[in-house]
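J.: Pasting entry-v8.txt here (compact mmCIF, N, CA and C atoms and all ligand atoms):
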```txt
# COMPACT_ATOMS: atom_id res chain seq x y z
N MET Q 29 145.69 109.74 79.41
CA MET Q 29 144.54 108.98 79.90
C MET Q 29 143.45 108.90 78.82
N LYS Q 30 142.91 107.70 78.62
CA LYS Q 30 141.84 107.52 77.63
C LYS Q 30 140.55 108.16 78.12
N THR Q 31 139.69 108.55 77.16
CA THR Q 31 138.40 109.12 77.54
C THR Q 31 137.27 108.45 76.74
N VAL Q 32 136.06 108.63 77.24
CA VAL Q 32 134.87 108.13 76.55
C VAL Q 32 133.87 109.28 76.52
N LYS Q 33 133.08 109.35 75.43
CA LYS Q 33 132.09 110.42 75.30
C LYS Q 33 130.83 110.05 76.08
N VAL Q 34 130.34 110.98 76.88
CA VAL Q 34 129.13 110.74 77.68
C VAL Q 34 128.06 111.74 77.29
N SER Q 35 126.85 111.24 77.02
CA SER Q 35 125.70 112.12 76.79
C SER Q 35 124.60 111.74 77.76
N ILE Q 36 124.05 112.74 78.43
CA ILE Q 36 122.88 112.51 79.29
C ILE Q 36 121.71 113.24 78.62
N VAL Q 37 120.67 112.47 78.31
CA VAL Q 37 119.56 112.99 77.52
C VAL Q 37 118.26 112.80 78.29
N THR Q 38 117.38 113.80 78.26
CA THR Q 38 116.07 113.69 78.91
C THR Q 38 114.99 113.98 77.87
N PRO Q 39 113.71 113.76 78.21
CA PRO Q 39 112.64 114.11 77.26
C PRO Q 39 112.67 115.59 76.88
N ASP Q 40 113.27 116.45 77.72
CA ASP Q 40 113.37 117.88 77.40
C ASP Q 40 114.56 118.22 76.52
N GLY Q 41 115.45 117.23 76.27
CA GLY Q 41 116.63 117.49 75.45
C GLY Q 41 117.90 117.09 76.17
N PRO Q 42 119.08 117.41 75.56
CA PRO Q 42 120.35 117.03 76.18
C PRO Q 42 120.58 117.79 77.48
N ALA Q 43 121.09 117.08 78.50
CA ALA Q 43 121.33 117.72 79.79
C ALA Q 43 122.82 117.82 80.09
N TYR Q 44 123.64 116.99 79.41
CA TYR Q 44 125.08 116.99 79.71
C TYR Q 44 125.79 116.29 78.57
N GLU Q 45 126.96 116.79 78.20
CA GLU Q 45 127.78 116.11 77.20
C GLU Q 45 129.24 116.43 77.46
N SER Q 46 130.08 115.41 77.50
CA SER Q 46 131.51 115.66 77.74
C SER Q 46 132.33 114.41 77.44
N GLU Q 47 133.63 114.61 77.29
CA GLU Q 47 134.58 113.49 77.24
C GLU Q 47 135.08 113.28 78.66
N VAL Q 48 134.97 112.06 79.17
CA VAL Q 48 135.37 111.83 80.56
C VAL Q 48 136.26 110.59 80.68
N GLU Q 49 136.96 110.52 81.82
CA GLU Q 49 137.83 109.36 82.07
C GLU Q 49 137.09 108.22 82.75
N MET Q 50 136.03 108.58 83.49
CA MET Q 50 135.26 107.54 84.18
C MET Q 50 133.86 108.05 84.50
N VAL Q 51 132.88 107.16 84.36
CA VAL Q 51 131.50 107.46 84.71
C VAL Q 51 131.10 106.55 85.87
N SER Q 52 130.57 107.12 86.94
CA SER Q 52 130.03 106.30 88.03
C SER Q 52 128.53 106.58 88.13
N ALA Q 53 127.75 105.53 88.21
CA ALA Q 53 126.30 105.70 88.28
C ALA Q 53 125.71 104.62 89.17
N LYS Q 54 124.50 104.92 89.68
CA LYS Q 54 123.84 104.00 90.61
C LYS Q 54 122.84 103.15 89.83
N ALA Q 55 123.24 101.95 89.45
CA ALA Q 55 122.34 101.04 88.73
C ALA Q 55 121.40 100.38 89.74
N GLN Q 56 120.34 99.76 89.24
CA GLN Q 56 119.42 99.03 90.14
C GLN Q 56 120.19 97.95 90.90
N SER Q 57 121.22 97.39 90.24
CA SER Q 57 121.98 96.28 90.83
C SER Q 57 123.15 96.75 91.70
N GLY Q 58 123.36 98.07 91.79
CA GLY Q 58 124.46 98.59 92.60
C GLY Q 58 125.29 99.61 91.84
N GLU Q 59 126.34 100.10 92.47
CA GLU Q 59 127.18 101.16 91.89
C GLU Q 59 127.96 100.61 90.70
N LEU Q 60 127.97 101.38 89.59
CA LEU Q 60 128.71 100.99 88.39
C LEU Q 60 129.83 101.98 88.14
N GLY Q 61 131.00 101.47 87.74
CA GLY Q 61 132.09 102.34 87.31
C GLY Q 61 132.46 101.98 85.88
N ILE Q 62 132.31 102.93 84.96
CA ILE Q 62 132.54 102.65 83.53
C ILE Q 62 133.79 103.39 83.07
N LEU Q 63 134.75 102.64 82.56
CA LEU Q 63 135.97 103.24 82.00
C LEU Q 63 135.92 103.12 80.47
N PRO Q 64 136.72 103.92 79.75
CA PRO Q 64 136.77 103.79 78.29
C PRO Q 64 137.06 102.33 77.90
N GLY Q 65 136.38 101.84 76.86
CA GLY Q 65 136.61 100.47 76.39
C GLY Q 65 135.78 99.42 77.11
N HIS Q 66 134.87 99.86 77.97
CA HIS Q 66 134.00 98.92 78.70
C HIS Q 66 133.17 98.11 77.70
N ILE Q 67 132.87 96.88 78.03
CA ILE Q 67 132.03 96.06 77.14
C ILE Q 67 130.62 96.67 77.03
N PRO Q 68 129.97 96.51 75.87
CA PRO Q 68 128.62 97.06 75.69
C PRO Q 68 127.64 96.48 76.70
N MET Q 69 126.77 97.32 77.22
CA MET Q 69 125.73 96.85 78.14
C MET Q 69 124.66 97.91 78.31
N VAL Q 70 123.52 97.46 78.85
CA VAL Q 70 122.44 98.38 79.20
C VAL Q 70 122.06 98.09 80.64
N ALA Q 71 121.88 99.12 81.45
CA ALA Q 71 121.52 98.91 82.85
C ALA Q 71 120.49 99.96 83.28
N PRO Q 72 119.42 99.54 83.98
CA PRO Q 72 118.49 100.51 84.55
C PRO Q 72 119.13 101.23 85.73
N LEU Q 73 118.85 102.53 85.85
CA LEU Q 73 119.46 103.34 86.91
C LEU Q 73 118.44 103.69 87.99
N GLN Q 74 118.94 103.85 89.21
CA GLN Q 74 118.13 104.33 90.33
C GLN Q 74 118.13 105.86 90.32
N ILE Q 75 117.27 106.44 91.14
CA ILE Q 75 117.39 107.86 91.44
C ILE Q 75 118.73 108.01 92.15
N GLY Q 76 119.61 108.84 91.64
CA GLY Q 76 120.94 108.95 92.25
C GLY Q 76 121.80 109.95 91.50
N ALA Q 77 123.07 109.99 91.87
CA ALA Q 77 124.01 110.92 91.23
C ALA Q 77 124.82 110.17 90.19
N VAL Q 78 125.11 110.84 89.07
CA VAL Q 78 126.11 110.35 88.14
C VAL Q 78 127.34 111.22 88.34
N ARG Q 79 128.49 110.55 88.53
CA ARG Q 79 129.75 111.27 88.76
C ARG Q 79 130.61 111.10 87.51
N LEU Q 80 131.10 112.23 86.99
CA LEU Q 80 131.87 112.20 85.76
C LEU Q 80 133.27 112.73 86.04
N ASN Q 81 134.25 111.82 86.02
CA ASN Q 81 135.62 112.20 86.32
C ASN Q 81 136.33 112.65 85.05
N LYS Q 82 136.92 113.85 85.12
CA LYS Q 82 137.59 114.38 83.93
C LYS Q 82 139.07 114.61 84.19
N GLY Q 83 139.66 113.75 85.01
CA GLY Q 83 141.07 113.92 85.32
C GLY Q 83 141.25 114.82 86.50
N ALA Q 84 142.14 115.80 86.36
CA ALA Q 84 142.40 116.70 87.48
C ALA Q 84 141.15 117.50 87.81
N GLY Q 85 141.02 117.91 89.04
CA GLY Q 85 139.89 118.75 89.44
C GLY Q 85 138.71 117.93 89.91
N LYS Q 86 137.69 118.67 90.34
CA LYS Q 86 136.50 118.02 90.89
C LYS Q 86 135.71 117.35 89.78
N PRO Q 87 135.11 116.17 90.07
CA PRO Q 87 134.25 115.55 89.05
C PRO Q 87 132.97 116.37 88.87
N ASP Q 88 132.34 116.26 87.68
CA ASP Q 88 131.01 116.83 87.48
C ASP Q 88 130.00 115.90 88.12
N LEU Q 89 128.96 116.48 88.71
CA LEU Q 89 127.89 115.69 89.31
C LEU Q 89 126.56 116.04 88.65
N VAL Q 90 125.80 115.01 88.31
CA VAL Q 90 124.48 115.22 87.70
C VAL Q 90 123.47 114.40 88.49
N ALA Q 91 122.38 115.05 88.90
CA ALA Q 91 121.29 114.33 89.59
C ALA Q 91 120.40 113.69 88.53
N ILE Q 92 120.14 112.40 88.71
CA ILE Q 92 119.36 111.63 87.73
C ILE Q 92 118.11 111.08 88.43
N SER Q 93 116.95 111.23 87.79
CA SER Q 93 115.72 110.69 88.39
C SER Q 93 115.33 109.36 87.75
N GLY Q 94 116.24 108.42 87.73
CA GLY Q 94 115.97 107.11 87.13
C GLY Q 94 116.10 107.14 85.63
N GLY Q 95 116.29 105.99 85.02
CA GLY Q 95 116.44 105.90 83.57
C GLY Q 95 117.30 104.72 83.19
N PHE Q 96 117.99 104.83 82.06
CA PHE Q 96 118.84 103.74 81.57
C PHE Q 96 120.21 104.26 81.18
N LEU Q 97 121.21 103.40 81.39
CA LEU Q 97 122.57 103.69 80.94
C LEU Q 97 122.92 102.68 79.85
N GLU Q 98 123.40 103.18 78.73
CA GLU Q 98 123.81 102.30 77.64
C GLU Q 98 125.28 102.53 77.35
N VAL Q 99 126.07 101.44 77.36
CA VAL Q 99 127.50 101.55 77.07
C VAL Q 99 127.77 100.97 75.68
N ARG Q 100 128.39 101.78 74.83
CA ARG Q 100 128.92 101.30 73.55
C ARG Q 100 130.42 101.56 73.57
N PRO Q 101 131.19 100.96 72.64
CA PRO Q 101 132.65 101.06 72.76
C PRO Q 101 133.17 102.50 72.87
N ASP Q 102 132.54 103.43 72.13
CA ASP Q 102 133.07 104.80 72.10
C ASP Q 102 132.14 105.80 72.78
N GLN Q 103 131.07 105.32 73.42
CA GLN Q 103 130.05 106.27 73.89
C GLN Q 103 129.24 105.69 75.04
N VAL Q 104 129.01 106.50 76.06
CA VAL Q 104 128.07 106.14 77.13
C VAL Q 104 126.87 107.09 77.02
N THR Q 105 125.67 106.53 76.94
CA THR Q 105 124.46 107.36 76.86
C THR Q 105 123.60 107.06 78.06
N ILE Q 106 123.13 108.11 78.72
CA ILE Q 106 122.19 107.96 79.83
C ILE Q 106 120.88 108.61 79.40
N LEU Q 107 119.82 107.81 79.37
CA LEU Q 107 118.48 108.32 79.08
C LEU Q 107 117.78 108.44 80.41
N ALA Q 108 117.45 109.65 80.81
CA ALA Q 108 116.90 109.86 82.16
C ALA Q 108 115.57 110.58 82.08
N GLN Q 109 114.69 110.28 83.06
CA GLN Q 109 113.41 111.00 83.14
C GLN Q 109 113.67 112.49 83.39
N ALA Q 110 114.62 112.79 84.28
CA ALA Q 110 115.04 114.17 84.53
C ALA Q 110 116.50 114.12 84.95
N ALA Q 111 117.26 115.15 84.59
CA ALA Q 111 118.68 115.21 84.94
C ALA Q 111 119.07 116.67 85.11
N GLU Q 112 119.74 116.97 86.21
CA GLU Q 112 120.21 118.35 86.42
C GLU Q 112 121.66 118.34 86.88
N GLN Q 113 122.48 119.16 86.24
CA GLN Q 113 123.84 119.36 86.74
C GLN Q 113 123.76 120.11 88.07
N ALA Q 114 124.73 119.86 88.94
CA ALA Q 114 124.71 120.44 90.29
C ALA Q 114 124.43 121.95 90.24
N GLU Q 115 125.09 122.66 89.31
CA GLU Q 115 124.95 124.13 89.30
C GLU Q 115 123.60 124.60 88.78
N ASN Q 116 122.80 123.69 88.21
CA ASN Q 116 121.47 124.08 87.71
C ASN Q 116 120.35 123.70 88.67
N ILE Q 117 120.73 123.15 89.83
CA ILE Q 117 119.69 122.71 90.77
C ILE Q 117 119.19 123.89 91.60
N ASP Q 118 117.87 124.02 91.64
CA ASP Q 118 117.22 125.02 92.49
C ASP Q 118 117.01 124.34 93.85
N VAL Q 119 117.92 124.62 94.79
CA VAL Q 119 117.92 123.86 96.04
C VAL Q 119 116.72 124.22 96.91
N ALA Q 120 116.24 125.46 96.81
CA ALA Q 120 115.05 125.85 97.59
C ALA Q 120 113.85 125.03 97.11
N ARG Q 121 113.74 124.87 95.80
CA ARG Q 121 112.64 124.05 95.24
C ARG Q 121 112.75 122.60 95.72
N ALA Q 122 113.96 122.07 95.73
CA ALA Q 122 114.15 120.68 96.16
C ALA Q 122 113.80 120.53 97.65
N LYS Q 123 114.16 121.55 98.46
CA LYS Q 123 113.84 121.48 99.90
C LYS Q 123 112.33 121.54 100.12
N GLU Q 124 111.65 122.36 99.30
CA GLU Q 124 110.18 122.41 99.41
C GLU Q 124 109.56 121.07 99.00
N ALA Q 125 110.09 120.48 97.92
CA ALA Q 125 109.58 119.18 97.46
C ALA Q 125 109.81 118.12 98.53
N LYS Q 126 110.96 118.22 99.21
CA LYS Q 126 111.27 117.26 100.28
C LYS Q 126 110.26 117.40 101.43
N MET Q 127 109.98 118.64 101.82
CA MET Q 127 109.03 118.85 102.93
C MET Q 127 107.63 118.37 102.55
N ARG Q 128 107.23 118.67 101.30
CA ARG Q 128 105.92 118.24 100.82
C ARG Q 128 105.79 116.72 100.88
N ALA Q 129 106.83 116.05 100.41
CA ALA Q 129 106.80 114.58 100.37
C ALA Q 129 106.80 114.01 101.80
N GLU Q 130 107.59 114.63 102.69
CA GLU Q 130 107.63 114.14 104.09
C GLU Q 130 106.28 114.32 104.76
N ARG Q 131 105.62 115.45 104.45
CA ARG Q 131 104.30 115.71 105.04
C ARG Q 131 103.31 114.65 104.56
N ARG Q 132 103.35 114.36 103.25
CA ARG Q 132 102.43 113.35 102.70
C ARG Q 132 102.68 111.99 103.33
N LEU Q 133 103.96 111.66 103.52
CA LEU Q 133 104.30 110.34 104.06
C LEU Q 133 103.87 110.22 105.53
N SER Q 134 103.81 111.36 106.23
CA SER Q 134 103.45 111.29 107.65
C SER Q 134 101.94 111.32 107.85
N GLU Q 135 101.19 111.67 106.79
CA GLU Q 135 99.72 111.69 106.91
C GLU Q 135 99.18 110.27 106.94
N LYS Q 136 98.17 110.08 107.71
CA LYS Q 136 97.60 108.72 107.81
C LYS Q 136 96.35 108.59 106.94
N LYS Q 137 96.30 109.45 105.91
CA LYS Q 137 95.09 109.45 105.06
C LYS Q 137 95.14 108.32 104.05
N GLU Q 138 93.95 107.83 103.70
CA GLU Q 138 93.87 106.72 102.74
C GLU Q 138 94.18 107.15 101.32
N ASN Q 139 93.90 108.42 101.01
CA ASN Q 139 94.06 108.84 99.62
C ASN Q 139 95.49 109.35 99.30
N VAL Q 140 96.44 109.09 100.22
CA VAL Q 140 97.83 109.48 99.92
C VAL Q 140 98.50 108.34 99.16
N ASP Q 141 99.13 108.69 98.03
CA ASP Q 141 99.84 107.70 97.23
C ASP Q 141 101.28 107.62 97.79
N PHE Q 142 101.52 106.64 98.66
CA PHE Q 142 102.79 106.59 99.39
C PHE Q 142 103.97 106.33 98.47
N LYS Q 143 103.79 105.44 97.49
CA LYS Q 143 104.88 105.14 96.56
C LYS Q 143 105.33 106.41 95.83
N ARG Q 144 104.33 107.16 95.38
CA ARG Q 144 104.62 108.40 94.67
C ARG Q 144 105.34 109.41 95.58
N ALA Q 145 104.88 109.50 96.83
CA ALA Q 145 105.51 110.43 97.78
C ALA Q 145 106.94 109.99 98.09
N GLU Q 146 107.14 108.67 98.21
CA GLU Q 146 108.49 108.14 98.48
C GLU Q 146 109.45 108.48 97.35
N LEU Q 147 108.97 108.36 96.10
CA LEU Q 147 109.83 108.67 94.95
C LEU Q 147 110.13 110.17 94.89
N ALA Q 148 109.12 110.98 95.20
CA ALA Q 148 109.33 112.44 95.22
C ALA Q 148 110.36 112.79 96.28
N LEU Q 149 110.29 112.11 97.43
CA LEU Q 149 111.25 112.36 98.51
C LEU Q 149 112.67 111.98 98.06
N LYS Q 150 112.79 110.82 97.40
CA LYS Q 150 114.11 110.39 96.92
C LYS Q 150 114.68 111.38 95.91
N ARG Q 151 113.85 111.86 94.99
CA ARG Q 151 114.32 112.84 93.99
C ARG Q 151 114.80 114.11 94.68
N ALA Q 152 114.03 114.56 95.67
CA ALA Q 152 114.38 115.81 96.36
C ALA Q 152 115.69 115.65 97.14
N ILE Q 153 115.84 114.54 97.88
CA ILE Q 153 117.07 114.32 98.67
C ILE Q 153 118.27 114.21 97.72
N ASN Q 154 118.08 113.52 96.60
CA ASN Q 154 119.15 113.37 95.63
C ASN Q 154 119.60 114.74 95.11
N ARG Q 155 118.63 115.60 94.78
CA ARG Q 155 118.98 116.94 94.26
C ARG Q 155 119.73 117.74 95.31
N ILE Q 156 119.27 117.66 96.56
CA ILE Q 156 119.93 118.43 97.63
C ILE Q 156 121.37 117.92 97.81
N GLU Q 157 121.55 116.60 97.79
CA GLU Q 157 122.90 116.04 97.99
C GLU Q 157 123.82 116.39 96.82
N VAL Q 158 123.30 116.33 95.60
CA VAL Q 158 124.13 116.67 94.43
C VAL Q 158 124.49 118.16 94.49
N TYR Q 159 123.52 119.00 94.82
CA TYR Q 159 123.77 120.44 94.94
C TYR Q 159 124.88 120.71 95.95
N GLU Q 160 124.82 119.99 97.07
CA GLU Q 160 125.81 120.22 98.13
C GLU Q 160 127.11 119.46 97.87
N GLY Q 161 127.16 118.70 96.77
CA GLY Q 161 128.37 117.95 96.43
C GLY Q 161 128.68 116.84 97.41
N ARG Q 162 127.63 116.30 98.02
CA ARG Q 162 127.82 115.29 99.07
C ARG Q 162 127.74 113.87 98.52
N MET Q 163 128.14 113.62 97.28
CA MET Q 163 127.99 112.26 96.75
C MET Q 163 129.35 111.61 96.62
P1 LIG Q 201 108.92 119.33 92.02
O1 LIG Q 201 107.86 118.82 92.95
O2 LIG Q 201 109.74 120.43 92.61
O3 LIG Q 201 108.39 119.64 90.63
P2 LIG Q 201 109.77 116.75 91.05
O4 LIG Q 201 110.73 115.79 91.62
O5 LIG Q 201 108.33 116.32 91.04
O6 LIG Q 201 109.97 118.12 91.84
P3 LIG Q 201 110.38 116.18 88.34
O7 LIG Q 201 109.04 115.72 87.86
O8 LIG Q 201 111.42 115.15 88.65
O9 LIG Q 201 110.20 117.17 89.59
O10 LIG Q 201 111.01 117.18 87.27
C1 LIG Q 201 110.25 118.06 86.46
C2 LIG Q 201 111.20 119.03 85.76
O11 LIG Q 201 111.68 120.00 86.69
C3 LIG Q 201 112.44 118.36 85.17
O12 LIG Q 201 112.79 119.05 84.00
C4 LIG Q 201 113.50 118.58 86.25
O13 LIG Q 201 114.81 118.61 85.68
C5 LIG Q 201 113.10 119.92 86.82
N1 LIG Q 201 113.40 120.05 88.27
C6 LIG Q 201 112.74 119.47 89.28
N2 LIG Q 201 113.23 119.87 90.47
C7 LIG Q 201 114.26 120.71 90.20
C8 LIG Q 201 115.17 121.46 91.00
N3 LIG Q 201 115.13 121.40 92.34
N4 LIG Q 201 116.09 122.22 90.38
C9 LIG Q 201 116.13 122.29 89.03
N5 LIG Q 201 115.30 121.63 88.21
C10 LIG Q 201 114.36 120.84 88.77
```
Step by step, read the file and then write its structure as C-alpha cells.
Ligand code: ATP

T.:
Amino acid sequence: MKTVKVSIVTPDGPAYESEVEMVSAKAQSGELGILPGHIPMVAPLQIGAVRLNKGAGKPDLVAISGGFLEVRPDQVTILAQAAEQAENIDVARAKEAKMRAERRLSEKKENVDFKRAELALKRAINRIEVYEGRM
C-alpha cells in the first residue's frame, strides 16, 4: 500500500508526523479523504478530527482547532491553531471548557461574546469526542 507523509504543525511546533495510507479531515466544504498521489490543493479546515489511517489497526486521531490543509504530491501539511493527539488530550480540562462555554451561551447578558463562546464549545466537544475515539 502506498503512503504519504503527513505533518501537523501549530504555532507551538510540530504536533504529529507520520507516513499514512489515508488522511481524512473536515474541510469548510465538507469531509475530505486524501490518498497518496492526490492532486495539489489547499483547503481551510473546520474545528474537527483528523483521522490518519496507517493500514492495520486503529487510525490515529488528532483534534484540530481550525486551520489549513495543504496537499503536495509527496506530503500533506496541516497548519492548525491548536492540535492534540487523542492520548495528549486532558479530558477534564475539555469538560470544564465545555461547561464554561455552555454557561456563557445560556446567559442573557449583553457583554457575552456568543461567537467566541460557540467556538470554545466546539473546540471542547471536539476534544472530548477525539479523546473518546467517537469520530
Ligand atoms: P481552554 O479554555 O481549556 O484553554 P481552549 O479551547 O480555549 O481551551 P485553545 O486556545 O484552543 O484552548 O488552546 C490553547 C493551548 O492549550 C493549545 O496549545 C492547545 O493544544 C492546548 N489545549 C487546550 N485544551 C486542551 C486539552 N483539553 N487537552 C490538551 N491540550 C489542550

J.: Give me the residues near Gly61 of chain Q as a ChimeraX atom specification, where near means some atom within 12 Å (using only C-alpha atoms) and where sequence neighbours in that chain fewer than 2 positions away do not count.

T.: /Q:49-55,58-59,63-67,71,78-81,97,99,104

J.: As an MDAnalysis selection string, please: every residue in chain Q that a backbone DSSP assignment puts in helix (DSSP H, G or I).

T.: chainID Q and resid 114:116 119:134 142:159

J.: Step by step, measure atom-to-atom distances between ligand LIG 201 (chain Q) and each residue using all atoms listed in the file, keep those at most 8 Å, then write them as a ChimeraX atom specification.

T.: /Q:39-40,91-93,109-113,115-126,147-152,155-156

J.: With distances taken over only C-alpha atoms, which of Q:Arg100, Q:Ala77, Q:Pro87, Q:Ser134 is nearest to Glu157 of chain Q?

T.: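 Using only C-alpha atoms, the shortest distance to Glu157 of chain Q belongs to Q:Ala77.
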
J.: One decimal, in Å: what's the spacing between atom N of Lys33 of chain Q and atom N of Phe96 of chain Q?

T.: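 Rounded to one decimal, the two atoms are 17.1 Å apart.
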
J.: Could you check which of Q:Ile106, Q:Met69, Q:Ile62, Q:Leu133 is closest to Ser35 of chain Q, using only N, CA and C atoms?

T.: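 Of Q:Ile106, Q:Met69, Q:Ile62, Q:Leu133, the one nearest Ser35 of chain Q is Q:Ile106, counting only N, CA and C atoms.
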
J.: Nearest to Val37 of chain Q: which of Q:Gly95, Q:Pro68, Q:Gly76, Q:Gly83 is it, counting only C-alpha atoms?

T.: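 Closest residue, counting only C-alpha atoms: Q:Gly95.
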
J.: Q:Gln74, Q:Arg128, Q:Val32, Q:Gln56: which is nearest Val140 of chain Q, counting only C-alpha atoms?

T.: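 So, comparing all the options, the nearest one is Q:Arg128.
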
J.: Counting only C-alpha atoms, which of Q:Met127, Q:Leu107, Q:Ala145, Q:Val158 gets nearest to Thr38 of chain Q?

T.: Q:Leu107

J.: Please indicate the distance in Å from atom CA of Arg144 of chain Q to atom CA of Thr105 of chain Q, rounded to one decimal place.

T.: 26.7 Å

J.: So how far away is atom C of Lys143 of chain Q from atom CA of Ala43 of chain Q, in Å?

T.: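 Answer for the atom CA of Ala43 of chain Q to atom C of Lys143 of chain Q separation: 25.3 Å.
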
J.: Enumerate, as a PyMOL selection string, the complete set of residues in chain Q that a backbone-based DSSP assignment places in strand (DSSP E).

T.: chain Q and resi 32-38+41-48+50-55+58-62+69-81+88-100+103-108+111-113

J.: Could you put an axis-aligned box around every listed atom of segment 106-125 of chain Q, padded by 6 Å on each side, and send me its centre and edge lengths in Å to one decimal, as AutoDock Vina command-line options?

T.:
```
--center_x 117.3 --center_y 116.8 --center_z 89.4 --size_x 27.5 --size_y 30.0 --size_z 33.4
```
